[in-house]
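J.: Got a file for you: start14.cif, mmCIF, C-alpha atoms and all ligand atoms.
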```cif
data_protein
loop_
_atom_site.label_atom_id
_atom_site.label_comp_id
_atom_site.auth_asym_id
_atom_site.auth_seq_id
_atom_site.Cartn_x
_atom_site.Cartn_y
_atom_site.Cartn_z
CA MET A 1 -20.56 68.57 23.85
CA ALA A 2 -19.58 71.55 21.76
CA LEU A 3 -18.32 69.33 19.11
CA ALA A 4 -21.54 67.43 18.75
CA PRO A 5 -23.53 69.80 16.58
CA ALA A 6 -20.50 70.60 14.53
CA ALA A 7 -20.06 66.92 14.00
CA THR A 8 -23.64 66.67 12.80
CA THR A 9 -23.39 69.57 10.45
CA GLN A 10 -19.91 68.99 9.22
CA GLY A 11 -20.57 65.28 8.75
CA TRP A 12 -17.49 63.33 7.60
CA ARG A 13 -15.18 66.23 8.31
CA THR A 14 -15.15 65.49 12.04
CA PRO A 15 -12.66 62.89 13.24
CA VAL A 16 -15.41 60.93 15.01
CA ASN A 17 -17.60 60.71 11.95
CA ARG A 18 -14.69 59.94 9.72
CA THR A 19 -13.86 56.91 11.93
CA ARG A 20 -17.52 55.79 12.01
CA GLN A 21 -17.77 56.22 8.27
CA SER A 22 -14.64 54.16 7.58
CA ARG A 23 -15.80 51.48 10.04
CA ARG A 24 -19.13 51.28 8.24
CA VAL A 25 -17.39 51.02 4.88
CA ALA A 26 -15.01 48.41 6.22
CA LEU A 27 -17.94 46.44 7.67
CA MET A 28 -19.81 46.61 4.39
CA LEU A 29 -16.76 45.54 2.44
CA GLY A 30 -16.09 42.76 4.93
CA SER A 31 -19.59 41.35 4.72
CA LEU A 32 -19.52 41.69 0.94
CA LEU A 33 -16.27 39.75 0.83
CA THR A 34 -17.61 37.07 3.19
CA SER A 35 -20.72 36.62 1.04
CA LEU A 36 -18.57 36.44 -2.04
CA LEU A 37 -16.33 33.81 -0.47
CA LEU A 38 -19.35 31.84 0.75
CA MET A 39 -20.84 31.93 -2.73
CA LEU A 40 -17.57 30.78 -4.25
CA HIS A 41 -17.26 28.01 -1.65
CA CYS A 42 -20.78 26.75 -2.42
CA LEU A 43 -20.24 26.97 -6.15
CA ALA A 44 -16.99 25.01 -5.84
CA ALA A 45 -18.47 22.26 -3.65
CA PRO A 46 -19.57 19.95 -6.47
CA LEU A 47 -16.24 20.57 -8.14
CA ARG A 48 -14.40 19.59 -4.98
CA ALA A 49 -16.50 16.45 -4.57
CA THR A 50 -15.84 15.45 -8.17
CA SER A 51 -12.17 16.10 -7.91
CA ARG A 52 -11.98 14.21 -4.59
CA ARG A 53 -13.71 11.25 -6.17
CA ALA A 54 -11.60 11.47 -9.29
CA ALA A 55 -8.50 11.48 -7.13
CA ALA A 56 -9.77 8.51 -5.19
CA GLU A 57 -10.53 6.61 -8.33
CA GLU A 58 -7.30 7.52 -9.96
CA PRO A 59 -5.30 4.33 -10.27
CA GLN A 60 -1.63 4.52 -9.50
CA PRO A 61 0.58 3.27 -12.22
CA ASP A 62 1.57 -0.26 -11.40
CA SER A 63 5.06 0.92 -12.16
CA TRP A 64 6.55 3.35 -9.78
CA ARG A 65 10.08 2.67 -8.80
CA THR A 66 13.38 3.89 -10.05
CA ALA A 67 16.28 1.59 -10.57
CA GLU A 68 18.04 3.11 -7.58
CA TRP A 69 15.09 2.52 -5.31
CA LYS A 70 14.71 -0.94 -6.55
CA GLY A 71 18.35 -1.83 -6.23
CA ALA A 72 18.47 -0.58 -2.67
CA GLU A 73 15.32 -2.41 -1.86
CA GLU A 74 16.52 -5.66 -3.23
CA ALA A 75 19.92 -5.35 -1.71
CA ALA A 76 18.26 -4.83 1.64
CA GLY A 77 16.32 -8.02 1.05
CA TYR A 78 14.63 -9.45 4.06
CA VAL A 79 17.61 -9.68 6.34
CA ASN A 80 17.30 -8.42 9.86
CA SER A 81 19.57 -8.27 12.83
CA ARG A 82 18.35 -11.53 14.29
CA GLY A 83 18.56 -13.31 10.97
CA PHE A 84 14.84 -13.88 11.04
CA LEU A 85 14.90 -14.02 7.30
CA ARG A 86 17.98 -14.17 5.22
CA GLY A 87 16.48 -12.41 2.25
CA LEU A 88 16.90 -13.27 -1.34
CA ALA A 89 20.63 -12.90 -1.04
CA ASP A 90 21.80 -16.42 -1.35
CA ALA A 91 25.26 -17.78 -1.71
CA ARG A 92 24.12 -20.33 -4.22
CA GLY A 93 21.84 -18.21 -6.28
CA GLY A 94 23.23 -14.73 -5.70
CA LEU A 95 19.66 -13.59 -5.71
CA SER A 96 19.99 -10.34 -3.86
CA VAL A 97 19.18 -7.80 -6.53
CA LEU A 98 16.87 -9.89 -8.52
CA ASP A 99 13.70 -7.94 -8.34
CA ALA A 100 15.40 -4.65 -8.95
CA SER A 101 14.41 -3.89 -12.49
CA GLU A 102 10.92 -5.20 -12.01
CA LYS A 103 10.12 -2.51 -9.55
CA MET A 104 11.25 0.01 -12.13
CA GLU A 105 8.18 -0.84 -14.02
CA GLU A 106 6.14 0.03 -11.00
CA ALA A 107 8.16 3.15 -10.45
CA ALA A 108 7.44 5.18 -13.51
CA GLY A 109 6.94 8.75 -12.62
CA ILE A 110 6.13 8.45 -8.96
CA LEU A 111 9.31 7.97 -7.03
CA PRO A 112 12.56 9.80 -6.85
CA ALA A 113 15.71 7.76 -6.44
CA VAL A 114 15.89 6.22 -3.01
CA GLY A 115 19.10 8.11 -2.42
CA GLN A 116 17.23 11.35 -2.73
CA VAL A 117 14.60 10.26 -0.32
CA VAL A 118 16.89 8.85 2.30
CA ALA A 119 19.88 11.11 2.02
CA GLY A 120 17.70 14.18 1.87
CA ARG A 121 15.58 12.81 4.71
CA ARG A 122 12.72 14.44 2.98
CA ALA A 123 10.26 12.74 0.74
CA SER A 124 9.63 14.14 -2.66
CA PRO A 125 6.01 15.11 -3.01
CA ARG A 126 5.98 12.67 -5.87
CA LEU A 127 6.44 9.81 -3.43
CA ALA A 128 3.23 10.57 -1.69
CA GLY A 129 0.00 9.25 -3.12
CA ARG A 130 -2.34 11.30 -5.15
CA LEU A 131 -2.59 14.91 -4.24
CA SER A 132 -5.41 15.92 -2.04
CA PRO A 133 -7.97 17.86 -4.02
CA LEU A 134 -7.18 21.56 -3.80
CA GLY A 135 -4.37 20.62 -1.42
CA GLU A 136 -6.84 20.09 1.40
CA GLY A 137 -6.28 18.04 4.53
CA ASP A 138 -3.29 16.97 6.55
CA LYS A 139 -0.72 14.25 6.22
CA LYS A 140 -1.37 11.60 8.82
CA LEU A 141 0.43 8.45 9.85
CA PRO A 142 -1.31 5.40 8.40
CA GLN A 143 -4.15 3.91 10.38
CA ALA A 144 -4.08 0.72 8.31
CA LEU A 145 -1.26 -1.20 6.65
CA ILE A 146 -1.02 -4.02 4.15
CA VAL A 147 1.92 -5.82 5.71
CA GLY A 148 2.27 -8.82 3.40
CA VAL A 149 2.87 -11.19 1.97
CA LYS A 150 5.24 -10.79 -0.90
CA LYS A 151 3.60 -12.10 -4.10
CA GLY A 152 0.34 -12.56 -2.24
CA GLY A 153 -1.60 -10.02 -4.30
CA THR A 154 -0.78 -6.92 -2.25
CA ARG A 155 -0.61 -4.58 -5.24
CA ALA A 156 -4.00 -5.71 -6.49
CA LEU A 157 -5.53 -5.18 -3.06
CA LEU A 158 -4.08 -1.70 -2.68
CA GLU A 159 -5.10 -0.64 -6.19
CA PHE A 160 -8.62 -1.90 -5.63
CA LEU A 161 -8.86 -0.19 -2.26
CA ARG A 162 -7.86 3.14 -3.74
CA VAL A 163 -11.18 3.19 -5.53
CA HIS A 164 -12.76 3.90 -2.16
CA PRO A 165 -13.16 7.65 -1.62
CA ASP A 166 -12.35 7.25 2.06
CA ILE A 167 -9.00 5.62 1.46
CA ARG A 168 -5.86 7.49 0.52
CA ALA A 169 -2.74 5.45 -0.04
CA VAL A 170 0.88 5.82 -0.95
CA GLY A 171 1.53 4.10 -4.26
CA ALA A 172 5.10 3.18 -3.46
CA GLU A 173 6.29 0.77 -0.80
CA PRO A 174 7.84 3.04 1.85
CA HIS A 175 9.65 0.21 3.68
CA PHE A 176 9.63 2.45 6.70
CA PHE A 177 9.35 -0.16 9.43
CA ASP A 178 11.98 -2.47 7.98
CA ARG A 179 14.55 -0.36 6.12
CA ASN A 180 13.97 3.31 6.72
CA TYR A 181 13.03 3.28 10.38
CA ASP A 182 15.96 5.45 11.38
CA ASN A 183 14.51 8.28 9.30
CA GLY A 184 11.87 8.75 11.96
CA LEU A 185 8.09 9.06 12.01
CA GLU A 186 8.07 12.58 10.57
CA TRP A 187 9.89 11.35 7.49
CA TYR A 188 7.28 8.61 7.23
CA ARG A 189 4.36 10.97 7.72
CA ASP A 190 5.74 13.23 5.02
CA LEU A 191 5.42 10.39 2.51
CA MET A 192 1.70 10.17 3.14
CA PRO A 193 -0.95 11.82 1.01
CA LYS A 194 -3.08 14.50 2.59
CA THR A 195 -6.33 13.21 3.97
CA LEU A 196 -9.59 14.83 4.84
CA GLU A 197 -11.54 14.14 8.01
CA GLY A 198 -12.71 10.52 8.01
CA GLN A 199 -10.33 9.32 5.29
CA ILE A 200 -7.98 6.46 6.09
CA THR A 201 -4.29 6.67 5.22
CA MET A 202 -2.72 3.42 4.01
CA GLU A 203 0.44 1.98 2.58
CA LYS A 204 1.63 -1.48 1.61
CA THR A 205 5.04 -3.02 2.15
CA PRO A 206 4.91 -6.82 1.82
CA SER A 207 8.24 -7.45 3.55
CA TYR A 208 6.85 -6.18 6.87
CA PHE A 209 5.15 -9.49 7.55
CA VAL A 210 8.43 -11.43 7.68
CA THR A 211 10.62 -8.85 9.38
CA LYS A 212 11.03 -9.61 13.05
CA GLU A 213 11.33 -6.01 14.28
CA VAL A 214 8.33 -4.65 12.43
CA PRO A 215 5.38 -5.56 14.73
CA ALA A 216 7.00 -3.84 17.74
CA ARG A 217 7.74 -0.76 15.66
CA ILE A 218 4.22 -0.49 14.28
CA SER A 219 2.85 -0.99 17.76
CA ALA A 220 5.09 1.82 18.99
CA MET A 221 3.58 4.09 16.32
CA SER A 222 0.05 3.09 17.26
CA ARG A 223 -1.32 0.01 18.94
CA ASP A 224 -4.57 0.63 17.06
CA THR A 225 -3.07 0.19 13.60
CA LYS A 226 -5.17 -2.17 11.52
CA LEU A 227 -3.15 -4.82 9.75
CA ILE A 228 -3.99 -6.62 6.54
CA VAL A 229 -2.16 -9.67 5.26
CA VAL A 230 -2.84 -11.09 1.82
CA VAL A 231 -1.89 -14.75 1.98
CA ARG A 232 -1.57 -17.17 -0.88
CA ASP A 233 -0.82 -20.88 -1.17
CA PRO A 234 2.81 -20.93 0.02
CA VAL A 235 3.87 -23.29 -2.76
CA THR A 236 2.44 -21.08 -5.53
CA ARG A 237 3.79 -18.05 -3.69
CA ALA A 238 7.30 -19.54 -3.66
CA ILE A 239 7.09 -20.29 -7.37
CA SER A 240 5.80 -16.77 -8.02
CA ASP A 241 8.71 -15.36 -6.01
CA TYR A 242 11.15 -17.47 -7.99
CA THR A 243 9.49 -16.46 -11.27
CA GLN A 244 10.04 -12.82 -10.42
CA THR A 245 13.68 -13.50 -9.69
CA LEU A 246 14.08 -15.57 -12.83
CA SER A 247 12.65 -12.80 -14.98
CA LYS A 248 15.56 -10.59 -13.94
CA LYS A 249 18.30 -13.21 -13.77
CA PRO A 250 17.59 -15.96 -16.25
CA ASP A 251 20.77 -17.81 -15.29
CA ILE A 252 19.91 -18.51 -11.66
CA PRO A 253 19.76 -22.14 -10.54
CA SER A 254 16.56 -24.06 -11.07
CA PHE A 255 13.67 -23.76 -8.60
CA GLU A 256 14.25 -27.37 -7.72
CA SER A 257 17.90 -26.99 -6.84
CA LEU A 258 17.19 -23.93 -4.72
CA THR A 259 14.36 -25.70 -2.92
CA PHE A 260 16.32 -28.66 -1.63
CA LYS A 261 19.23 -28.61 0.72
CA ASN A 262 19.81 -32.18 -0.13
CA ARG A 263 18.15 -33.53 -3.24
CA THR A 264 18.65 -37.15 -2.24
CA THR A 265 17.10 -36.86 1.20
CA GLY A 266 14.54 -34.33 -0.02
CA LEU A 267 15.47 -31.92 2.77
CA ILE A 268 13.91 -28.51 2.09
CA ASP A 269 16.17 -25.47 2.35
CA THR A 270 14.27 -23.27 4.75
CA SER A 271 16.98 -20.64 4.62
CA TRP A 272 15.87 -19.73 1.10
CA SER A 273 13.55 -16.77 1.56
CA ALA A 274 11.18 -18.01 -1.15
CA ILE A 275 10.51 -20.97 1.13
CA GLN A 276 10.68 -19.21 4.47
CA ILE A 277 8.18 -16.45 3.66
CA GLY A 278 5.48 -19.12 3.26
CA ILE A 279 5.79 -20.39 6.83
CA TYR A 280 2.98 -18.04 7.78
CA ALA A 281 2.28 -19.52 11.21
CA LYS A 282 5.79 -18.72 12.36
CA HIS A 283 5.65 -15.10 11.22
CA LEU A 284 2.17 -14.65 12.63
CA ASP A 285 3.37 -15.84 16.01
CA ASN A 286 5.67 -12.85 16.13
CA TRP A 287 2.84 -10.42 15.29
CA LEU A 288 0.64 -11.86 17.99
CA GLN A 289 3.19 -10.79 20.59
CA TYR A 290 2.16 -7.21 19.78
CA PHE A 291 -1.30 -7.23 18.24
CA PRO A 292 -4.51 -9.09 19.04
CA MET A 293 -5.90 -11.31 16.32
CA GLU A 294 -8.95 -9.02 15.91
CA GLN A 295 -6.67 -6.33 14.61
CA ILE A 296 -5.32 -8.47 11.78
CA LEU A 297 -7.30 -9.30 8.66
CA PHE A 298 -6.22 -12.14 6.41
CA VAL A 299 -7.21 -11.78 2.80
CA SER A 300 -7.13 -14.83 0.59
CA GLY A 301 -4.91 -14.16 -2.41
CA GLU A 302 -6.83 -16.83 -4.31
CA ARG A 303 -10.22 -15.27 -3.59
CA LEU A 304 -8.88 -11.85 -4.42
CA ILE A 305 -8.62 -13.23 -7.96
CA SER A 306 -11.76 -15.39 -8.05
CA ASP A 307 -14.01 -12.99 -6.12
CA PRO A 308 -12.36 -9.59 -5.73
CA ALA A 309 -15.58 -7.85 -4.67
CA GLY A 310 -16.17 -10.44 -1.94
CA GLU A 311 -12.69 -9.98 -0.46
CA LEU A 312 -12.93 -6.22 -0.83
CA GLY A 313 -16.21 -6.36 1.07
CA ARG A 314 -14.46 -8.01 4.01
CA VAL A 315 -11.65 -5.46 3.90
CA GLN A 316 -14.06 -2.50 3.85
CA ASP A 317 -15.93 -3.98 6.83
CA PHE A 318 -12.68 -4.48 8.69
CA LEU A 319 -11.69 -0.88 8.06
CA GLY A 320 -15.10 0.31 9.21
CA LEU A 321 -15.92 1.73 5.80
CA LYS A 322 -19.08 1.71 3.81
CA ARG A 323 -19.06 -1.05 1.19
CA ILE A 324 -18.54 1.14 -1.84
CA ILE A 325 -16.29 -1.16 -3.83
CA THR A 326 -18.57 -3.86 -5.20
CA ASP A 327 -18.97 -6.21 -8.14
CA LYS A 328 -19.73 -3.33 -10.41
CA HIS A 329 -16.15 -2.07 -10.15
CA PHE A 330 -14.60 -5.20 -11.66
CA TYR A 331 -14.56 -7.14 -14.87
CA PHE A 332 -12.60 -10.22 -15.80
CA ASN A 333 -10.05 -9.47 -18.49
CA GLN A 334 -9.71 -12.61 -20.61
CA THR A 335 -6.37 -11.60 -22.07
CA LYS A 336 -4.85 -10.75 -18.72
CA GLY A 337 -6.55 -13.69 -17.04
CA PHE A 338 -7.27 -11.57 -13.97
CA PRO A 339 -9.93 -9.25 -12.64
CA CYS A 340 -9.33 -5.63 -13.57
CA LEU A 341 -10.94 -2.35 -12.61
CA LYS A 342 -13.63 -1.10 -14.95
CA LYS A 343 -12.48 2.46 -14.55
CA ALA A 344 -8.95 3.69 -14.36
CA GLU A 345 -8.17 6.66 -12.24
CA GLY A 346 -9.50 9.91 -13.49
CA SER A 347 -10.72 8.34 -16.69
CA SER A 348 -13.39 6.00 -17.86
CA LYS A 349 -10.86 3.52 -19.19
CA PRO A 350 -10.47 0.03 -17.71
CA HIS A 351 -7.34 -0.67 -15.70
CA CYS A 352 -5.46 -3.93 -15.22
CA LEU A 353 -2.28 -4.35 -13.21
CA GLY A 354 1.01 -4.24 -15.09
CA LYS A 355 2.75 -7.10 -16.78
CA THR A 356 4.84 -7.99 -13.72
CA LYS A 357 1.61 -9.03 -12.02
CA GLY A 358 0.18 -12.28 -13.24
CA ARG A 359 3.22 -13.79 -14.89
CA THR A 360 3.34 -17.27 -16.35
CA HIS A 361 5.16 -19.52 -13.92
CA PRO A 362 7.73 -22.07 -15.07
CA ASP A 363 6.71 -25.70 -14.94
CA ILE A 364 7.87 -27.33 -11.74
CA ARG A 365 8.03 -31.12 -11.58
CA PRO A 366 4.98 -32.51 -9.75
CA GLU A 367 7.28 -34.43 -7.42
CA VAL A 368 8.90 -31.18 -6.26
CA VAL A 369 5.51 -29.57 -5.78
CA ARG A 370 4.34 -32.60 -3.81
CA ARG A 371 7.39 -32.43 -1.53
CA LEU A 372 6.77 -28.77 -0.91
CA ARG A 373 3.12 -29.40 -0.15
CA ASP A 374 4.15 -32.00 2.40
CA PHE A 375 6.59 -29.56 3.89
CA TYR A 376 4.07 -26.74 4.28
CA ARG A 377 1.10 -28.85 5.40
CA PRO A 378 1.78 -28.78 9.16
CA PHE A 379 2.54 -25.06 9.05
CA ASN A 380 -0.62 -24.44 7.07
CA MET A 381 -2.67 -26.43 9.57
CA LYS A 382 -1.25 -24.39 12.38
CA PHE A 383 -2.00 -21.20 10.43
CA TYR A 384 -5.62 -22.26 9.78
CA GLN A 385 -5.96 -22.96 13.47
CA MET A 386 -4.50 -19.61 14.50
CA THR A 387 -6.65 -17.64 12.08
CA ALA A 388 -9.70 -19.87 12.48
CA HIS A 389 -9.89 -20.00 8.71
CA ASN A 390 -9.15 -22.78 6.27
CA PHE A 391 -7.61 -21.22 3.20
CA GLY A 392 -7.96 -24.45 1.27
CA TRP A 393 -4.35 -24.89 0.19
CA ASP A 394 -4.29 -28.47 1.37
CA ASP A 395 -7.65 -29.67 0.07
N1 LIG A 401 -6.13 -8.55 -10.37
C1 LIG A 401 -4.88 -9.01 -10.42
N2 LIG A 401 -4.08 -8.75 -11.48
C2 LIG A 401 -2.83 -9.24 -11.52
N3 LIG A 401 -2.26 -9.98 -10.54
C3 LIG A 401 -3.03 -10.26 -9.47
C4 LIG A 401 -4.35 -9.80 -9.36
N4 LIG A 401 -4.85 -10.24 -8.20
C5 LIG A 401 -3.90 -10.95 -7.61
N5 LIG A 401 -2.79 -10.99 -8.37
C6 LIG A 401 -1.58 -11.69 -8.01
O1 LIG A 401 -0.69 -10.76 -7.42
C7 LIG A 401 0.58 -11.40 -7.48
C8 LIG A 401 1.65 -10.38 -7.15
O2 LIG A 401 1.55 -10.15 -5.79
P1 LIG A 401 2.06 -8.81 -5.12
O3 LIG A 401 1.41 -7.65 -5.77
O4 LIG A 401 1.84 -8.96 -3.67
O5 LIG A 401 3.60 -8.84 -5.47
S1 LIG A 401 4.76 -7.99 -4.79
O6 LIG A 401 5.10 -8.66 -3.54
O7 LIG A 401 4.28 -6.63 -4.60
O8 LIG A 401 5.87 -8.07 -5.76
C9 LIG A 401 0.63 -11.97 -8.86
O9 LIG A 401 1.48 -13.08 -8.85
P2 LIG A 401 1.98 -13.83 -10.18
O10 LIG A 401 0.75 -14.40 -10.80
O11 LIG A 401 2.89 -14.88 -9.71
O12 LIG A 401 2.64 -12.80 -11.03
C10 LIG A 401 -0.82 -12.32 -9.16
O13 LIG A 401 -1.09 -13.69 -9.14
#
```
Have the structure of the file written as structure tokens, please.
Ligand SMILES: Nc1ncnc2c1ncn2[C@@H]1O[C@H](COP(=O)(O)OS(=O)(=O)O)[C@@H](OP(=O)(O)O)[C@H]1O

T.:
Amino acid sequence: MALAPAATTQGWRTPVNRTRQSRRVALMLGSLLTSLLLMLHCLAAPLRATSRRAAAEEPQPDSWRTAEWKGAEEAAGYVNSRGFLRGLADARGGLSVLDASEKMEEAAGILPAVGQVVAGRRASPRLAGRLSPLGEGDKKLPQALIVGVKKGGTRALLEFLRVHPDIRAVGAEPHFFDRNYDNGLEWYRDLMPKTLEGQITMEKTPSYFVTKEVPARISAMSRDTKLIVVVRDPVTRAISDYTQTLSKKPDIPSFESLTFKNRTTGLIDTSWSAIQIGIYAKHLDNWLQYFPMEQILFVSGERLISDPAGELGRVQDFLGLKRIITDKHFYFNQTKGFPCLKKAEGSSKPHCLGKTKGRTHPDIRPEVVRRLRDFYRPFNMKFYQMTAHNFGWDD
């Protein structure tokens, strides 16, 4: 009690008042700081939105792989323990590393050497997709995957999807479920770009579709994973596959001699991966052991070229996203002969895929093509039946 008047008269000199005073000052400073931060946050909001959109629209270079990555990838081929697919490695053609340099083109500037990624068991930040604006968000395991098929148009689909602000994707093919599975889910997650609430994380690795072990592994990650398969006429796909190989190794045997086991009897060599990948019904059967059909979307590789907005509409619906990617995002580039994006990432320039996409195929004798069509027909029919969709390859 005695101290009270003294405290009043002596003001700040008393310990009690000094504490009150400093609390008041601290409170004032605190609220000032909060207001300042709030103001800054509000002022930066449009900037964040713009940068988020810019990041979403930013196209990945079609070229992203290093020679090392590519070599490893090709060497790994499509072989798996049960010999489900033998891969491009082929005693006759020696085709195992054929696509290696091609992927270099896709690699520019994004990926470290595969050795660094795998040996270090830590992904370089460069492997992940575009950076989240202001480093926001968390890395999440993908909720949707483009699992195939090789040469189906998977790169085009992924690049087009990246335009959507609610999709964040890894530019590179992580090959987690087929080649890097031993690295573990945390390794995989670390490859992913940061996502904000409501954004979908994606990646594409076309070899997943034909690798026996992959469906079980994806299901073990999450049974809810949405799966997208871009399918293309298996005959054209095989020729496209061969064309890619030929571009790297011009001295490989002819398409025709690789196609037939016995030229006289016309027996098709189904052990050649270029042929085997196109037996879609067989591969799908394996997926259906782990995923219901409703969880798999089949995109027509042909329609992705003739009507990209239409196919993208279906994909956005499937992913539960607003249809943001529409006709207005595409134009047909006469020189390229393919649809391209009107705006490249982060700029107003148009963007077409690189020169390894949309190559001129070698002429294949009509008789060989006819034989192949006959070979695939029953498998195609089965596939149409399974998917309840006629892709029109046999019309
Ligand atoms: N918009 C656009 N631009 C260029 N190319 C396009 C496009 N849409 C689909 N395609 C077709 O994509 C084929 C390559 O398929 P992928 O990207 O799945 O190939 S890969 O498996 O990743 O190597 C590629 O095959 P080829 O024509 O044989 O080169 C193209 O036909």

J.: Show me which residues sit within 7 Å of ligand LIG 401 (chain A) when counting all atoms listed in the file, and put them as a ChimeraX atom specification.

T.: /A:149-156,206,237,240-241,243,301,304-305,338-340,352-353,356-361

J.: Mind dumping the selected residues with C-alpha atoms as a PDB file, in the coordinates of the input?

T.:
```pdb
ATOM      1  CA  VAL A 149       2.870 -11.190   1.970  1.00  0.00           C
ATOM      2  CA  LYS A 150       5.240 -10.790  -0.900  1.00  0.00           C
ATOM      3  CA  LYS A 151       3.600 -12.100  -4.100  1.00  0.00           C
ATOM      4  CA  GLY A 152       0.340 -12.560  -2.240  1.00  0.00           C
ATOM      5  CA  GLY A 153      -1.600 -10.020  -4.300  1.00  0.00           C
ATOM      6  CA  THR A 154      -0.780  -6.920  -2.250  1.00  0.00           C
ATOM      7  CA  ARG A 155      -0.610  -4.580  -5.240  1.00  0.00           C
ATOM      8  CA  ALA A 156      -4.000  -5.710  -6.490  1.00  0.00           C
ATOM      9  CA  PRO A 206       4.910  -6.820   1.820  1.00  0.00           C
ATOM     10  CA  ARG A 237       3.790 -18.050  -3.690  1.00  0.00           C
ATOM     11  CA  SER A 240       5.800 -16.770  -8.020  1.00  0.00           C
ATOM     12  CA  ASP A 241       8.710 -15.360  -6.010  1.00  0.00           C
ATOM     13  CA  THR A 243       9.490 -16.460 -11.270  1.00  0.00           C
ATOM     14  CA  GLY A 301      -4.910 -14.160  -2.410  1.00  0.00           C
ATOM     15  CA  LEU A 304      -8.880 -11.850  -4.420  1.00  0.00           C
ATOM     16  CA  ILE A 305      -8.620 -13.230  -7.960  1.00  0.00           C
ATOM     17  CA  PHE A 338      -7.270 -11.570 -13.970  1.00  0.00           C
ATOM     18  CA  PRO A 339      -9.930  -9.250 -12.640  1.00  0.00           C
ATOM     19  CA  CYS A 340      -9.330  -5.630 -13.570  1.00  0.00           C
ATOM     20  CA  CYS A 352      -5.460  -3.930 -15.220  1.00  0.00           C
ATOM     21  CA  LEU A 353      -2.280  -4.350 -13.210  1.00  0.00           C
ATOM     22  CA  THR A 356       4.840  -7.990 -13.720  1.00  0.00           C
ATOM     23  CA  LYS A 357       1.610  -9.030 -12.020  1.00  0.00           C
ATOM     24  CA  GLY A 358       0.180 -12.280 -13.240  1.00  0.00           C
ATOM     25  CA  ARG A 359       3.220 -13.790 -14.890  1.00  0.00           C
ATOM     26  CA  THR A 360       3.340 -17.270 -16.350  1.00  0.00           C
ATOM     27  CA  HIS A 361       5.160 -19.520 -13.920  1.00  0.00           C
TER      28      HIS A 361
END
```

J.: Taking all atoms listed in the file into account, name the residue in A:Val229, A:Gln244, A:Ile218, A:Trp272 that is nearest to A:Pro362.

T.: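 Nearest to A:Pro362: A:Gln244.
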
J.: Pick out the closest residue to A:Leu185 from this set: A:Leu141, A:Ala309, A:Met386, A:Val369. Count all atoms listed in the file.

T.: A:Leu141

J.: Report, in Å to a single decimal, how far apart atom CA of A:Ile200 and atom CA of A:Lys140 are.

T.: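 It comes out at 8.8 Å.
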
J.: Please indicate the distance in Å from atom CA of A:Arg323 to atom CA of A:His389, rounded to one decimal place.

T.: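 Atom CA of A:Arg323 sits 22.4 Å away from atom CA of A:His389.
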
J.: Hey, which of A:Tyr208, A:Phe298, A:Phe391, A:Phe375 ends up closest to A:Phe260? Count all atoms listed in the file.

T.: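 Checking each of A:Tyr208, A:Phe298, A:Phe391, A:Phe375 against A:Phe260, counting all atoms listed in the file, the winner is A:Phe375.
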
J.: By how many Å are atom CA of A:Phe330 and atom CA of A:Lys204 apart?

T.: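 Answer for the atom CA of A:Phe330 to atom CA of A:Lys204 separation: 21.3 Å.
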
J.: Listed atoms of stretch 297-308 of chain A, axis-aligned box, 5 Å per side: centre and edge lengths to one decimal in Å, as AutoDock Vina command-line options?

T.:
```
--center_x -9.5 --center_y -13.1 --center_z 0.3 --size_x 19.1 --size_y 17.5 --size_z 26.7
```

J.: Taking all atoms listed in the file into account, which of A:Lys336, A:Arg314, A:His351, A:Lys212 comes nearest A:Glu159?

T.: A:His351

J.: Restricting the calculation to all atoms listed in the file, which member of A:Gly137, A:Pro215, A:Gly313, A:Gly148 is positioned closest to A:Leu161?

T.: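 Of A:Gly137, A:Pro215, A:Gly313, A:Gly148, the one nearest A:Leu161 is A:Gly313, counting all atoms listed in the file.
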
J.: Write a file for stretch 375-382 of chain A of the given structure; include N, CA and C atoms and format it as a PDB file, in the first residue's frame.

T.:
```pdb
ATOM      1  N   PHE A 375      -2.534 -58.338 -86.711  1.00  0.00           N
ATOM      2  CA  PHE A 375      -2.039 -58.850 -85.432  1.00  0.00           C
ATOM      3  C   PHE A 375      -2.713 -58.141 -84.249  1.00  0.00           C
ATOM      4  N   TYR A 376      -2.792 -56.815 -84.325  1.00  0.00           N
ATOM      5  CA  TYR A 376      -3.324 -56.055 -83.188  1.00  0.00           C
ATOM      6  C   TYR A 376      -4.840 -56.089 -83.063  1.00  0.00           C
ATOM      7  N   ARG A 377      -5.526 -56.367 -84.207  1.00  0.00           N
ATOM      8  CA  ARG A 377      -6.989 -56.230 -84.198  1.00  0.00           C
ATOM      9  C   ARG A 377      -7.676 -56.906 -83.009  1.00  0.00           C
ATOM     10  N   PRO A 378      -7.423 -58.199 -82.775  1.00  0.00           N
ATOM     11  CA  PRO A 378      -8.130 -58.832 -81.640  1.00  0.00           C
ATOM     12  C   PRO A 378      -7.791 -58.188 -80.295  1.00  0.00           C
ATOM     13  N   PHE A 379      -6.574 -57.765 -80.139  1.00  0.00           N
ATOM     14  CA  PHE A 379      -6.188 -57.104 -78.873  1.00  0.00           C
ATOM     15  C   PHE A 379      -6.882 -55.746 -78.743  1.00  0.00           C
ATOM     16  N   ASN A 380      -6.981 -55.060 -79.886  1.00  0.00           N
ATOM     17  CA  ASN A 380      -7.670 -53.766 -79.879  1.00  0.00           C
ATOM     18  C   ASN A 380      -9.146 -53.945 -79.510  1.00  0.00           C
ATOM     19  N   MET A 381      -9.745 -54.977 -80.116  1.00  0.00           N
ATOM     20  CA  MET A 381     -11.169 -55.225 -79.838  1.00  0.00           C
ATOM     21  C   MET A 381     -11.392 -55.465 -78.351  1.00  0.00           C
ATOM     22  N   LYS A 382     -10.504 -56.251 -77.807  1.00  0.00           N
ATOM     23  CA  LYS A 382     -10.592 -56.561 -76.382  1.00  0.00           C
ATOM     24  C   LYS A 382     -10.428 -55.259 -75.567  1.00  0.00           C
TER      25      LYS A 382
END
```
